[in-house]
Amino acid sequence: MRKRSGVLLGLLVALVLLAATAQAATHRAAVTNVTLAGWSSGPDEDALLNQVIAKFNATHKTIHAEFSVINGDYGTAMTARFAAHNPPDVFYVDSSVVGAWERQGVLQPLNSYVKTSKYDTSAFFPSLLGAFMSGKTIYGFPKDWSPLAMEVNKGMLGQAGGKAPTTWAQLQSVAQQMANKNVVPGGKPICLAADWARMLAFIYQGGGSLTNLTSPAVANAVSFYVGLISKGLAVTPDKLGAGWCGEALGKQKAAIIFEGNWLLPYMKSTYPNVQYGVFPMIKGKTGGNLAFTVSYSMAKDAQNKQAAWTLLSWLTSKQGQTIWMSKGLALPSRKDVKAIGGRQAFLSAAPFAHGWGFGNPNFATAYTVMNNDLAAVISGSKSVQSMLSDAAAALKG
Amino acid sequence: MATVSDAAPPPRSSMLGVRLREAGWGYAFVAVPIAVFGLFFIYPFGYAVYISFFHWGILGKQAGGSGTFNYSKVLHDPIFHTALKNVAEYTLGVVPLTMALGLSLALVINQKIRGRNFFRSAFYFPSIASSVAITTIALYIFNSDGLFNRIIGSQTPWFTTASKVTWAIVGLNTWTTSGTVMLYYLAGLQAISNDVYEAAALDNTSAWRTFWKITFPLLRPVHFFVLVVFGVGALKVFDQQFIVSGGAGGPNYSTYTPVLYIYRAAFSSFDFGLAAAAGVVYFVIIFAVTLVQNLTVGRREA
């Protein structure tokens with residue numbers, strides 16, 4: 001019995017010694033751990049991000065950054081982490097929820113860090129940085145972005161005259177020609193999602209805006225968008241057996257779609273044989289587009305804010321973003337970082353792009369109402385006017 | 001023959017001691033589950049009732065005082081009304097269909113047929129498969145150019161057509177849950193004494209009449225159990241609607257269920273007070289439905 005307790009005691013002493021040396025080791029290097037969290041957009045992007053972080057860790061001896069992917073429902077998972085006062089230090093924030101998260105008080109204002117480290121914010125496209133600002137307060141820096149462009153099946157366009165439309169009128173006439181000549185067998189000339197994340201671009205093109213939904217310009221744009229469907233020139237992707245319009249283009253069930261930069265890697269990996277061209281978004285009365293962007297933001301409850309800022313500012317710096325852009329998975333949010341080739345149609349949208357989220361804290365909630373109503377308008381069970389007044393009310397909260 | 005002293009009861013006081021000791025052990029055993037129940041059900045429930053009277057965000061109580069404003073918002077919200085209508089339609093569809101299919105399967109399995117173990121496993125299998133996985137695959141099957149439409153020769157996108165989606169989910173869930181219902185009915189069928197069937201056979205009763213006059217009424221306890229358990233389960237439906245609509249309850253609110261309403265209030269609007277109030281309101285509704293079932297179907301059970 002005594003022998004056994006002696007062995008136990010010895011083990012215990014060894015354990016304590018081990019723990020002490022381990023602690024001493026970390027103390028010697030004085031490394032601060034910073035956690036970075038986000039969702040995964042696929043293995044390519046994960047690999048690239050890990051490459052970026054490896055570069056950060058190699059150049060910053062006192063900070064160790066680690067990326068943890070949050071699988072499943074990102075917003076729900078982050079809500080739980082915020083509520084437990086145990087959020088990751090730095091994380092992705094979609095521009096559509098930044099207003100709501102800011103109002104909940106879980107995001108750290110970054111102005112004081114910008115000031116003390118003399119971080120140059122003028123390098124960012126103003127509409128993108130603006131998506132993460134409330135007044136003059138900055139709640140995140142855009143890590144990348146994408147607007148919408150028009151993607152057209154080359155063969156089908158060739159059969160319909162070969163000239164890509166640039167205006168609403170041309171869009172309608174090209175689609176009409178495609179329909180007349182039955183260029184898209186088993187499909188429709190245009191694929192339009194029952195989604196305000198597409199229709200709102202048309203609303204801006206028609207001279208409307210999200211803040212003035214009851215104006216006639218908005219109703220006109222909605223009528224044009226929904227009218228393309230009711231005229232049989234366009235159709236929602238579900239009617240084409242597709243989950244989204246990109247899949248419809250890939251399956252050659254639609255000739256013209258409006259999607260962002262995310263389409264390009266998708267087509268390359270899933271439908272490499274479909275020949276399509278990327279054209280600037282069409283114009284109505286004016287140019288109008290949406291900027292889908294995601295920031296790196298810091299938690300108000302971050303464990304080590306100074307280290308978190310070092311990581312955040314490096315990731316969004318020219319150096320960090322240059323590595324991030326090397327594969328063309330997204331577009332640079334900084335003017336001083338070049339996009340890889342073939343992205344001109346997207347970049348030309350920058351002056352007309354409105355940050356998706358529009359600084360409205362009710363946006364994410366209202367968006368559900370707006371899309372449910374839009375589906376009803378398309379199926380003919382709701383009027384355009386009542387959708388627009390529902391939307392205006394939901395945006396007010 | 002035992003002696004008198006052997007049969008005599010022990011003195012009263014020691015009997016009481018034994019009883020007390022037994023009761024003590026009983027309570028000790030019950031204490032653990034009660035503590036778990038209290039910690040994970042009673043406490044959160046009480047807390048939810050508490051926060052339903054406040055503006056409550058991610059980080060806790062917000063400015064704006066207390067009151068019943070969350071309740072009046074829920075009760076006057078047309079989306080909540082739509083959600084109630086949707087779930088009523090779903091429940092009235094899925095529960096009778098599941099019971100009918102489950103009973104039919106049980107009757108088949110209860111016969112002395114070859115390979116009944118195989119059929120029993122085959123019918124039960126969808127119940128143990130993940131509902132998320134099943135729904136995700138169903139998305140492809142019910143696609144506009146999916147397998148189901150190929151078979152019936154249509155092009156309806158079932159999950160994105162407002163008038164069809166509830167029935168598509170009813171069909172899906174009837175299939176997945178009827179295996180479990182079958183097991184309950186099977187147990188019920190085997191509990192019916194053979195004597196009554198023999199008596200019926202002596203009277204030359206037809207199989208059809210035997211079923212409706214003997215089997216079906218004698219299964220009453222199972223009917224009641226299935227009705228309550230699966231009725232409440234149907235009222236709490238969430239995953240299928242969440243997946244087919246991407247969490248948005250569309251198109252045109254056709255997949256909005258009360259539980260999705262609660263989820264969205266909490267995790268999309270971050271209005272935990274509203275979510276809690278909706279939860280309490282819905283608890284009362286489910287409780288009332290169960291009470292009605294108890295008073296109607298359950299009463300004559302004893």
# chains A, B, ... in the order shown; residues from 1 in each chain; ligands from 1
call {"tool": "select_by_dssp", "arguments": {"residues": "region 48-150 of chain B", "states": "strand (DSSP E)", "output": "ChimeraX atom specification"}}
result
/B:54-57,60-66
call {"tool": "write_last_selection", "arguments": {"atoms": "N, CA and C atoms", "output": "mmCIF file, in the first residue's frame"}}
result
data_model
loop_
_atom_site.group_PDB
_atom_site.id
_atom_site.type_symbol
_atom_site.label_atom_id
_atom_site.label_comp_id
_atom_site.auth_asym_id
_atom_site.auth_seq_id
_atom_site.Cartn_x
_atom_site.Cartn_y
_atom_site.Cartn_z
ATOM 1 N N PHE B 54 -39.109 41.340 -21.178
ATOM 2 C CA PHE B 54 -38.123 42.406 -21.353
ATOM 3 C C PHE B 54 -37.700 42.510 -22.817
ATOM 4 N N HIS B 55 -37.038 43.618 -23.141
ATOM 5 C CA HIS B 55 -36.255 43.679 -24.372
ATOM 6 C C HIS B 55 -34.942 42.975 -24.047
ATOM 7 N N TRP B 56 -34.653 41.889 -24.740
ATOM 8 C CA TRP B 56 -33.523 41.058 -24.367
ATOM 9 C C TRP B 56 -32.679 40.776 -25.598
ATOM 10 N N GLY B 57 -31.403 41.129 -25.555
ATOM 11 C CA GLY B 57 -30.541 40.943 -26.718
ATOM 12 C C GLY B 57 -29.494 39.883 -26.473
ATOM 13 N N GLY B 60 -27.945 40.233 -23.096
ATOM 14 C CA GLY B 60 -28.813 40.286 -21.931
ATOM 15 C C GLY B 60 -29.859 41.386 -22.020
ATOM 16 N N LYS B 61 -30.288 41.825 -20.834
ATOM 17 C CA LYS B 61 -31.394 42.769 -20.739
ATOM 18 C C LYS B 61 -31.028 44.109 -21.374
ATOM 19 N N GLN B 62 -31.980 44.672 -22.126
ATOM 20 C CA GLN B 62 -31.736 45.960 -22.770
ATOM 21 C C GLN B 62 -32.657 47.015 -22.191
ATOM 22 N N ALA B 63 -32.406 48.248 -22.554
ATOM 23 C CA ALA B 63 -33.242 49.339 -22.067
ATOM 24 C C ALA B 63 -34.666 49.175 -22.597
ATOM 25 N N GLY B 64 -35.618 49.778 -21.921
ATOM 26 C CA GLY B 64 -36.992 49.745 -22.426
ATOM 27 C C GLY B 64 -37.975 49.175 -21.425
ATOM 28 N N GLY B 65 -37.459 48.839 -20.236
ATOM 29 C CA GLY B 65 -38.365 48.424 -19.179
ATOM 30 C C GLY B 65 -38.987 47.060 -19.405
ATOM 31 N N SER B 66 -39.956 46.746 -18.551
ATOM 32 C CA SER B 66 -40.605 45.443 -18.650
ATOM 33 C C SER B 66 -42.077 45.630 -18.973
#
call {"tool": "residues_around", "arguments": {"residues": "region 83-91 of chain B", "least_positions_apart": "5", "cutoff": "12 Å", "atoms": "only C-alpha atoms", "output": "number ranges by chain"}}
result
B: 74-75, 77-78, 96-99, 162-174, 227-238, 240-241, 249-250, 252-262, 278, 281-282, 285-286, 289
call {"tool": "write_last_selection", "arguments": {"atoms": "C-alpha atoms", "output": "compact mmCIF listing (two decimals), in the first residue's frame"}}
result
# COMPACT_ATOMS: atom_id res chain seq x y z
CA VAL B 74 -46.47 37.91 -31.09
CA LEU B 75 -50.25 37.74 -30.86
CA ASP B 77 -47.94 39.40 -35.82
CA PRO B 78 -49.45 38.18 -39.11
CA PRO B 96 -53.55 10.72 -39.58
CA LEU B 97 -51.44 9.65 -42.55
CA THR B 98 -48.62 8.45 -40.33
CA MET B 99 -51.04 6.56 -38.10
CA ALA B 162 -46.04 27.87 -51.86
CA SER B 163 -49.18 25.79 -52.34
CA LYS B 164 -47.33 22.47 -52.56
CA VAL B 165 -44.48 22.57 -50.09
CA THR B 166 -46.46 21.66 -46.96
CA TRP B 167 -47.82 18.55 -48.67
CA ALA B 168 -44.40 17.59 -49.96
CA ILE B 169 -43.11 17.73 -46.37
CA VAL B 170 -46.18 15.84 -45.12
CA GLY B 171 -45.37 13.09 -47.61
CA LEU B 172 -41.73 13.04 -46.65
CA ASN B 173 -42.39 12.90 -42.91
CA THR B 174 -45.17 10.35 -43.21
CA LEU B 227 -51.79 10.77 -31.34
CA VAL B 228 -50.35 12.67 -28.39
CA VAL B 229 -46.68 11.96 -28.94
CA PHE B 230 -46.64 12.39 -32.70
CA GLY B 231 -49.19 15.19 -32.62
CA VAL B 232 -46.94 17.22 -30.35
CA GLY B 233 -43.95 16.19 -32.47
CA ALA B 234 -45.70 17.44 -35.60
CA LEU B 235 -46.52 20.76 -33.96
CA LYS B 236 -42.82 21.20 -33.21
CA VAL B 237 -41.72 20.57 -36.82
CA PHE B 238 -38.70 22.62 -37.81
CA GLN B 240 -37.49 20.09 -42.90
CA GLN B 241 -38.92 23.57 -43.28
CA GLY B 249 -39.60 30.20 -44.26
CA GLY B 250 -40.36 30.87 -47.92
CA ASN B 252 -44.35 33.42 -49.32
CA TYR B 253 -44.07 32.21 -45.67
CA SER B 254 -45.35 28.77 -46.69
CA THR B 255 -42.67 26.97 -44.64
CA TYR B 256 -42.82 29.32 -41.66
CA THR B 257 -43.61 27.22 -38.59
CA PRO B 258 -43.96 28.52 -35.01
CA VAL B 259 -40.62 26.97 -34.06
CA LEU B 260 -38.96 28.62 -37.06
CA TYR B 261 -40.58 31.88 -35.94
CA ILE B 262 -38.99 31.46 -32.50
CA ALA B 278 -43.51 33.24 -28.73
CA VAL B 281 -47.49 31.30 -26.25
CA TYR B 282 -46.78 28.22 -28.29
CA ILE B 285 -51.21 26.22 -27.39
CA ILE B 286 -49.58 22.78 -27.44
CA VAL B 289 -54.20 20.74 -27.71
call {"tool": "closest_atom_pairs", "arguments": {"of": "region 341-362 of chain A", "to": "region 113-131 of chain A", "cutoff": "8 Å", "atoms": "only C-alpha atoms", "output": "Markdown table"}}
result
| residue | atom | partner | partner_atom | distance |
| --- | --- | --- | --- | --- |
| A:Ala350 | CA | A:Phe125 | CA | 7.8 |
| A:Ala353 | CA | A:Ser127 | CA | 7.0 |
| A:His354 | CA | A:Ser127 | CA | 6.4 |
| A:Gly355 | CA | A:Ala131 | CA | 5.1 |
| A:Trp356 | CA | A:Ala131 | CA | 7.3 |
| A:Gly357 | CA | A:Ala131 | CA | 7.0 |
| A:Phe358 | CA | A:Ala131 | CA | 6.5 |
| A:Gly359 | CA | A:Ala131 | CA | 6.2 |
call {"tool": "interface_residues", "arguments": {"of": "chain B", "to": "chain A", "cutoff": "10 Å", "atoms": "only C-alpha atoms", "output": "count of residues only"}}
result
39
call {"tool": "atom_distance", "arguments": {"atom1": "CA of Ile190 (chain A)", "atom2": "CA of Ile257 (chain A)"}}
result
6.0 Å
call {"tool": "select_by_dssp", "arguments": {"residues": "region 43-262 of chain B", "states": "alpha helix (DSSP H)", "output": "VMD selection string"}}
result
chain B and resid 43 to 51 69 to 76 78 to 110 116 to 128 131 to 141 147 to 152 165 to 191 194 to 202 207 to 210 216 to 218 220 to 235 239 to 244 258 to 262
call {"tool": "residues_around", "arguments": {"residues": "region 315-326 of chain A", "least_positions_apart": "2", "cutoff": "12 Å", "atoms": "only C-alpha atoms", "output": "count of residues only"}}
result
58
call {"tool": "atom_distance", "arguments": {"atom1": "CA of Phe202 (chain A)", "atom2": "CA of Phe224 (chain A)"}}
result
8.6 Å
call {"tool": "residues_around", "arguments": {"residues": "Ser193 (chain B)", "least_positions_apart": "4", "cutoff": "12 Å", "atoms": "only C-alpha atoms", "output": "JSON, numbers by chain"}}
result
{"B": [188, 189, 197, 198, 199, 200, 214, 215, 218, 219]}
call {"tool": "write_last_selection", "arguments": {"atoms": "C-alpha atoms", "output": "short mmCIF file (atom, residue, chain, number, x, y, z; two decimals), in the first residue's frame"}}
result
data_model
loop_
_atom_site.label_atom_id
_atom_site.label_comp_id
_atom_site.auth_asym_id
_atom_site.auth_seq_id
_atom_site.Cartn_x
_atom_site.Cartn_y
_atom_site.Cartn_z
CA GLY B 188 -50.25 -3.14 -29.35
CA LEU B 189 -51.30 -5.90 -31.76
CA TYR B 197 -59.82 -13.57 -32.24
CA GLU B 198 -60.75 -17.21 -31.59
CA ALA B 199 -64.21 -16.12 -30.45
CA ALA B 200 -64.58 -14.04 -33.58
CA ILE B 214 -62.01 -5.97 -32.49
CA THR B 215 -58.49 -4.99 -33.48
CA LEU B 218 -58.61 -2.67 -28.72
CA LEU B 219 -55.70 -0.60 -30.02
#
call {"tool": "closest_residue", "arguments": {"among": "A:Ala219, A:Pro87, A:Gly232, A:Phe67", "to": "Asn304 (chain A)", "atoms": "only C-alpha atoms"}}
result
A:Pro87
call {"tool": "residues_around", "arguments": {"residues": "Ser127 (chain B)", "least_positions_apart": "3", "cutoff": "10 Å", "atoms": "only C-alpha atoms", "output": "ChimeraX atom specification"}}
result
/B:122-124,130-131,173,175-181
call {"tool": "closest_residue", "arguments": {"among": "A:Gly155, A:Pro109, A:Gly284, A:Gly277", "to": "Leu171 (chain A)", "atoms": "only C-alpha atoms"}}
result
A:Gly284
call {"tool": "atom_distance", "arguments": {"atom1": "CA of Leu228 (chain A)", "atom2": "CA of Phe279 (chain A)"}}
result
19.5 Å
call {"tool": "closest_residue", "arguments": {"among": "B:Ile243, B:Val36, B:Leu16, B:Val222", "to": "Gln190 (chain B)", "atoms": "only C-alpha atoms"}}
result
B:Val222
call {"tool": "decode", "arguments": {"residues": "region 232-300 of chain B", "atoms": "C-alpha atoms", "output": "mmCIF file, in the first residue's frame"}}
result
data_model
loop_
_atom_site.group_PDB
_atom_site.id
_atom_site.type_symbol
_atom_site.label_atom_id
_atom_site.label_comp_id
_atom_site.auth_asym_id
_atom_site.auth_seq_id
_atom_site.Cartn_x
_atom_site.Cartn_y
_atom_site.Cartn_z
ATOM 1 C CA VAL B 232 -46.936 17.216 -30.348
ATOM 2 C CA GLY B 233 -43.946 16.194 -32.470
ATOM 3 C CA ALA B 234 -45.699 17.440 -35.605
ATOM 4 C CA LEU B 235 -46.516 20.759 -33.956
ATOM 5 C CA LYS B 236 -42.820 21.202 -33.210
ATOM 6 C CA VAL B 237 -41.722 20.566 -36.822
ATOM 7 C CA PHE B 238 -38.698 22.624 -37.811
ATOM 8 C CA ASP B 239 -35.798 20.893 -39.598
ATOM 9 C CA GLN B 240 -37.493 20.088 -42.902
ATOM 10 C CA GLN B 241 -38.924 23.575 -43.283
ATOM 11 C CA PHE B 242 -35.638 25.129 -42.262
ATOM 12 C CA ILE B 243 -33.692 23.166 -44.846
ATOM 13 C CA VAL B 244 -36.016 23.506 -47.820
ATOM 14 C CA SER B 245 -36.330 27.260 -47.320
ATOM 15 C CA GLY B 246 -32.748 27.921 -46.307
ATOM 16 C CA GLY B 247 -34.086 29.146 -42.962
ATOM 17 C CA ALA B 248 -36.208 31.908 -44.498
ATOM 18 C CA GLY B 249 -39.601 30.198 -44.258
ATOM 19 C CA GLY B 250 -40.360 30.867 -47.915
ATOM 20 C CA PRO B 251 -41.696 30.995 -50.504
ATOM 21 C CA ASN B 252 -44.353 33.422 -49.317
ATOM 22 C CA TYR B 253 -44.066 32.205 -45.674
ATOM 23 C CA SER B 254 -45.346 28.765 -46.686
ATOM 24 C CA THR B 255 -42.671 26.975 -44.637
ATOM 25 C CA TYR B 256 -42.825 29.323 -41.656
ATOM 26 C CA THR B 257 -43.611 27.219 -38.588
ATOM 27 C CA PRO B 258 -43.957 28.520 -35.015
ATOM 28 C CA VAL B 259 -40.617 26.973 -34.058
ATOM 29 C CA LEU B 260 -38.957 28.621 -37.062
ATOM 30 C CA TYR B 261 -40.583 31.875 -35.936
ATOM 31 C CA ILE B 262 -38.994 31.459 -32.497
ATOM 32 C CA TYR B 263 -35.652 30.598 -34.076
ATOM 33 C CA ARG B 264 -35.706 33.603 -36.381
ATOM 34 C CA ALA B 265 -36.779 35.996 -33.634
ATOM 35 C CA ALA B 266 -33.797 34.847 -31.574
ATOM 36 C CA PHE B 267 -31.056 34.290 -34.124
ATOM 37 C CA SER B 268 -31.952 36.612 -36.977
ATOM 38 C CA SER B 269 -33.533 39.551 -35.142
ATOM 39 C CA PHE B 270 -31.645 38.922 -31.862
ATOM 40 C CA ASP B 271 -34.923 39.670 -30.085
ATOM 41 C CA PHE B 272 -34.728 37.021 -27.400
ATOM 42 C CA GLY B 273 -37.594 38.558 -25.444
ATOM 43 C CA LEU B 274 -39.876 38.145 -28.450
ATOM 44 C CA ALA B 275 -38.592 34.613 -29.057
ATOM 45 C CA ALA B 276 -39.270 33.691 -25.429
ATOM 46 C CA ALA B 277 -42.764 35.180 -25.542
ATOM 47 C CA ALA B 278 -43.509 33.244 -28.734
ATOM 48 C CA GLY B 279 -42.197 30.117 -27.015
ATOM 49 C CA VAL B 280 -44.482 30.615 -24.037
ATOM 50 C CA VAL B 281 -47.492 31.304 -26.253
ATOM 51 C CA TYR B 282 -46.776 28.217 -28.292
ATOM 52 C CA PHE B 283 -46.295 26.128 -25.142
ATOM 53 C CA VAL B 284 -49.760 27.147 -23.988
ATOM 54 C CA ILE B 285 -51.209 26.221 -27.388
ATOM 55 C CA ILE B 286 -49.579 22.782 -27.436
ATOM 56 C CA PHE B 287 -50.610 22.198 -23.838
ATOM 57 C CA ALA B 288 -54.211 23.049 -24.693
ATOM 58 C CA VAL B 289 -54.201 20.740 -27.711
ATOM 59 C CA THR B 290 -52.850 17.889 -25.597
ATOM 60 C CA LEU B 291 -55.469 18.548 -22.936
ATOM 61 C CA VAL B 292 -58.234 18.349 -25.516
ATOM 62 C CA GLN B 293 -56.827 15.087 -26.833
ATOM 63 C CA ASN B 294 -56.690 13.746 -23.316
ATOM 64 C CA LEU B 295 -60.307 14.662 -22.608
ATOM 65 C CA THR B 296 -61.635 13.250 -25.861
ATOM 66 C CA VAL B 297 -59.603 10.236 -26.980
ATOM 67 C CA GLY B 298 -57.916 9.523 -23.688
ATOM 68 C CA ARG B 299 -60.924 9.616 -21.392
ATOM 69 C CA ARG B 300 -62.471 6.245 -22.227
#
